[in-house]
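Peer 1: See query_22.txt below, with compact mmCIF, C-alpha atoms.
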# COMPACT_ATOMS: atom_id res chain seq x y z
CA MET B 1 87.84 87.54 103.22
CA ALA B 2 89.08 91.08 102.73
CA HIS B 3 92.42 91.58 101.02
CA SER B 4 94.66 94.55 101.59
CA ALA B 5 96.47 96.19 98.72
CA MET B 6 99.69 94.86 100.16
CA ALA B 7 98.55 91.24 100.57
CA GLY B 8 100.95 88.77 99.04
CA SER B 9 104.10 89.59 97.15
CA GLY B 10 102.62 89.26 93.69
CA TRP B 11 98.89 89.55 94.23
CA GLY B 12 97.18 90.04 90.88
CA THR B 13 100.19 89.27 88.73
CA THR B 14 99.99 85.64 87.66
CA GLU B 15 98.37 84.11 84.61
CA GLY B 16 94.65 83.65 85.06
CA ASP B 17 94.33 86.45 87.59
CA ASP B 18 91.70 89.13 87.34
CA PRO B 19 92.83 91.76 84.80
CA LEU B 20 91.62 94.51 87.12
CA GLN B 21 93.84 93.24 89.94
CA THR B 22 96.77 92.99 87.54
CA ALA B 23 96.27 96.62 86.48
CA VAL B 24 95.93 97.76 90.10
CA TRP B 25 99.10 95.90 91.10
CA ARG B 26 101.09 97.31 88.18
CA LEU B 27 100.04 100.87 88.94
CA ARG B 28 100.73 100.41 92.65
CA SER B 29 104.17 98.96 91.96
CA ARG B 30 105.00 102.13 90.02
CA GLY B 31 103.82 104.42 92.81
CA CYS B 32 100.64 105.42 90.96
CA TRP B 33 98.43 104.89 93.99
CA ALA B 34 95.72 107.40 93.04
CA ASP B 35 95.42 105.88 89.56
CA ALA B 36 95.21 102.38 91.01
CA ALA B 37 92.60 103.47 93.55
CA ALA B 38 90.55 105.12 90.80
CA LEU B 39 90.13 101.70 89.16
CA LEU B 40 88.44 100.31 92.26
CA GLU B 41 84.78 101.19 92.76
CA PRO B 42 84.06 101.04 96.51
CA VAL B 43 80.78 99.14 96.15
CA THR B 44 81.79 96.11 98.22
CA ALA B 45 83.73 95.90 101.45
CA ASP B 46 86.57 94.09 99.69
CA THR B 47 87.12 96.73 97.01
CA ALA B 48 86.59 99.57 99.48
CA LEU B 49 89.24 98.08 101.78
CA GLN B 50 91.66 97.54 98.92
CA ARG B 51 91.11 101.11 97.74
CA THR B 52 91.68 102.40 101.27
CA ALA B 53 94.90 100.41 101.65
CA LEU B 54 96.23 101.92 98.43
CA LEU B 55 95.46 105.45 99.55
CA VAL B 56 96.92 104.89 103.02
CA GLU B 57 100.07 103.51 101.42
CA ARG B 58 100.26 106.66 99.27
CA CYS B 59 100.08 108.80 102.43
CA LEU B 60 102.88 106.81 104.01
CA TYR B 61 105.21 107.23 101.03
CA THR B 62 104.28 110.69 99.72
CA GLU B 63 102.81 112.48 102.75
CA GLN B 64 99.89 113.54 100.52
CA GLY B 65 96.24 112.62 100.11
CA TRP B 66 95.27 112.42 103.79
CA ALA B 67 91.69 113.61 103.30
CA GLU B 68 91.08 111.22 100.41
CA ALA B 69 92.44 108.30 102.45
CA GLU B 70 90.23 109.26 105.40
CA ASP B 71 87.15 109.43 103.13
CA ALA B 72 87.99 106.03 101.63
CA LEU B 73 88.42 104.63 105.13
CA ARG B 74 85.00 105.87 106.23
CA THR B 75 83.46 104.23 103.16
CA ALA B 76 85.26 100.95 103.89
CA GLU B 77 84.11 101.04 107.52
CA ALA B 78 80.52 101.66 106.41
CA LEU B 79 80.60 98.70 104.01
CA ALA B 80 82.30 96.31 106.46
CA HIS B 81 79.83 93.79 107.87
CA SER B 82 81.80 90.68 108.83
CA ASP B 83 84.35 90.45 111.62
CA ASP B 84 87.15 90.06 109.04
CA GLU B 85 86.04 93.15 107.15
CA ARG B 86 85.71 95.22 110.33
CA GLY B 87 89.11 94.00 111.47
CA ALA B 88 90.69 94.91 108.14
CA ALA B 89 89.13 98.38 108.31
CA ALA B 90 90.45 98.82 111.86
CA CYS B 91 93.92 97.87 110.64
CA GLU B 92 93.72 100.46 107.88
CA ARG B 93 92.58 103.07 110.43
CA GLY B 94 95.61 102.19 112.55
CA GLN B 95 97.95 102.39 109.57
CA LEU B 96 96.59 105.81 108.59
CA ALA B 97 96.85 107.07 112.17
CA TYR B 98 100.40 105.72 112.43
CA ALA B 99 101.45 107.37 109.16
CA ALA B 100 99.92 110.70 110.20
CA THR B 101 101.78 110.54 113.51
CA VAL B 102 105.13 109.56 111.99
CA HIS B 103 104.95 112.31 109.38
CA GLY B 104 103.85 114.92 111.88
CA VAL B 105 100.57 115.63 110.12
CA ARG B 106 98.64 115.10 113.33
CA ASP B 107 99.41 113.18 116.50
CA ARG B 108 97.16 110.15 116.27
CA ALA B 109 99.32 107.75 118.26
CA ASP B 110 96.49 106.90 120.65
CA GLU B 111 94.19 106.11 117.72
CA ALA B 112 96.88 103.95 116.10
CA ARG B 113 97.43 102.05 119.36
CA ALA B 114 93.70 101.50 119.81
CA ALA B 115 93.19 100.31 116.23
CA LEU B 116 96.27 98.09 116.00
CA GLY B 117 96.42 96.95 119.63
Just give me the structure as structure tokens.
Peer 2:
Amino acid sequence: MAHSAMAGSGWGTTEGDDPLQTAVWRLRSRGCWADAAALLEPVTADTALQRTALLVERCLYTEQGWAEAEDALRTAEALAHSDDERGAAACERGQLAYAATVHGVRDRADEARAALG
């Protein structure tokens, strides 16, 4: 199952967790989204989706990095094969479209509605 970067309140932070996930969570919690995303190689759908979620979150909070988030999203969509993975990618597309609309970067309200509806 695909996990978003925002899944769970402490994902990657308990003893015995994957050190990579712990590092990603710590960077994300400090607003270092690009650094956290750089740790994730988009070679599987799961890591590509997690990387995309981080970059979309950065766009939402900083209004920067739109092109990088869009590129990451296309990679995640290309690697998604299961229904869960495709659904997670669609959610990320909707989140990115919503953020772009809210921040006035580009009106993508129809795309957000289609992806999240």
Peer 1: Taking 4 positions as the minimum chain separation for residues in the same chain, which residues sit within 12 Å of Arg106 (chain B) when counting all atoms listed in the file? Answer as a compact mmCIF listing (two decimals) with C-alpha atoms, in the frame of the given file.
Peer 2:
# COMPACT_ATOMS: atom_id res chain seq x y z
CA GLU B 63 102.81 112.48 102.75
CA TRP B 66 95.27 112.42 103.79
CA LEU B 96 96.59 105.81 108.59
CA ALA B 97 96.85 107.07 112.17
CA TYR B 98 100.40 105.72 112.43
CA ALA B 99 101.45 107.37 109.16
CA ALA B 100 99.92 110.70 110.20
CA THR B 101 101.78 110.54 113.51
CA VAL B 102 105.13 109.56 111.99
CA ASP B 110 96.49 106.90 120.65
CA GLU B 111 94.19 106.11 117.72
CA ALA B 112 96.88 103.95 116.10
Peer 1: Skip Ala76 (chain B) itself and residues of its chain fewer than 3 positions away, then list as a PyMOL selection string all residues within 12 Å of it, counting only C-alpha atoms.
Peer 2: chain B and resi 2+4+41-53+55+69-73+79-82+85-93
Peer 1: Report, in Å with one decimal, the straight-line distance from CA of Gly94 (chain B) to CA of Ala114 (chain B).
Peer 2: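 Answer for the CA of Gly94 (chain B) to CA of Ala114 (chain B) separation: 7.5 Å.
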Peer 1: Figure out the distance between CA of Gly104 (chain B) and CA of Cys59 (chain B), please, to one decimal in Å.
Peer 2: 11.9 Å
Peer 1: CA of Gln64 (chain B) and CA of Gln95 (chain B) are how many Å apart?
Peer 2: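 Value for the CA of Gln64 (chain B)-CA of Gln95 (chain B) distance: 14.5 Å.
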Peer 1: Could you tell me, as an MDAnalysis selection string, which residues have any atom at most 10 Å from (98.8, 99.5, 98.9), counting all atoms listed in the file?
Peer 2: chainID B and resid 4:7 24:25 28:29 31 33 36:37 50:58 60
Peer 1: Given 4 Å on each side, where is the centre and what are the edge lengths in Å to one decimal of the axis-aligned box enclosing the listed atoms of region 89-100 of chain B, as AutoDock Vina command-line options?
Peer 2:
--center_x 95.3 --center_y 104.3 --center_z 110.2 --size_x 20.3 --size_y 20.8 --size_z 12.7
Peer 1: Check the smallest atom-to-atom distance from each of B:Asp17, B:Tyr61, B:Arg30, B:Leu40 to His103 (chain B) using all atoms listed in the file, then report the winner.
Peer 2: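 Smallest separation from His103 (chain B) among the options: B:Tyr61.
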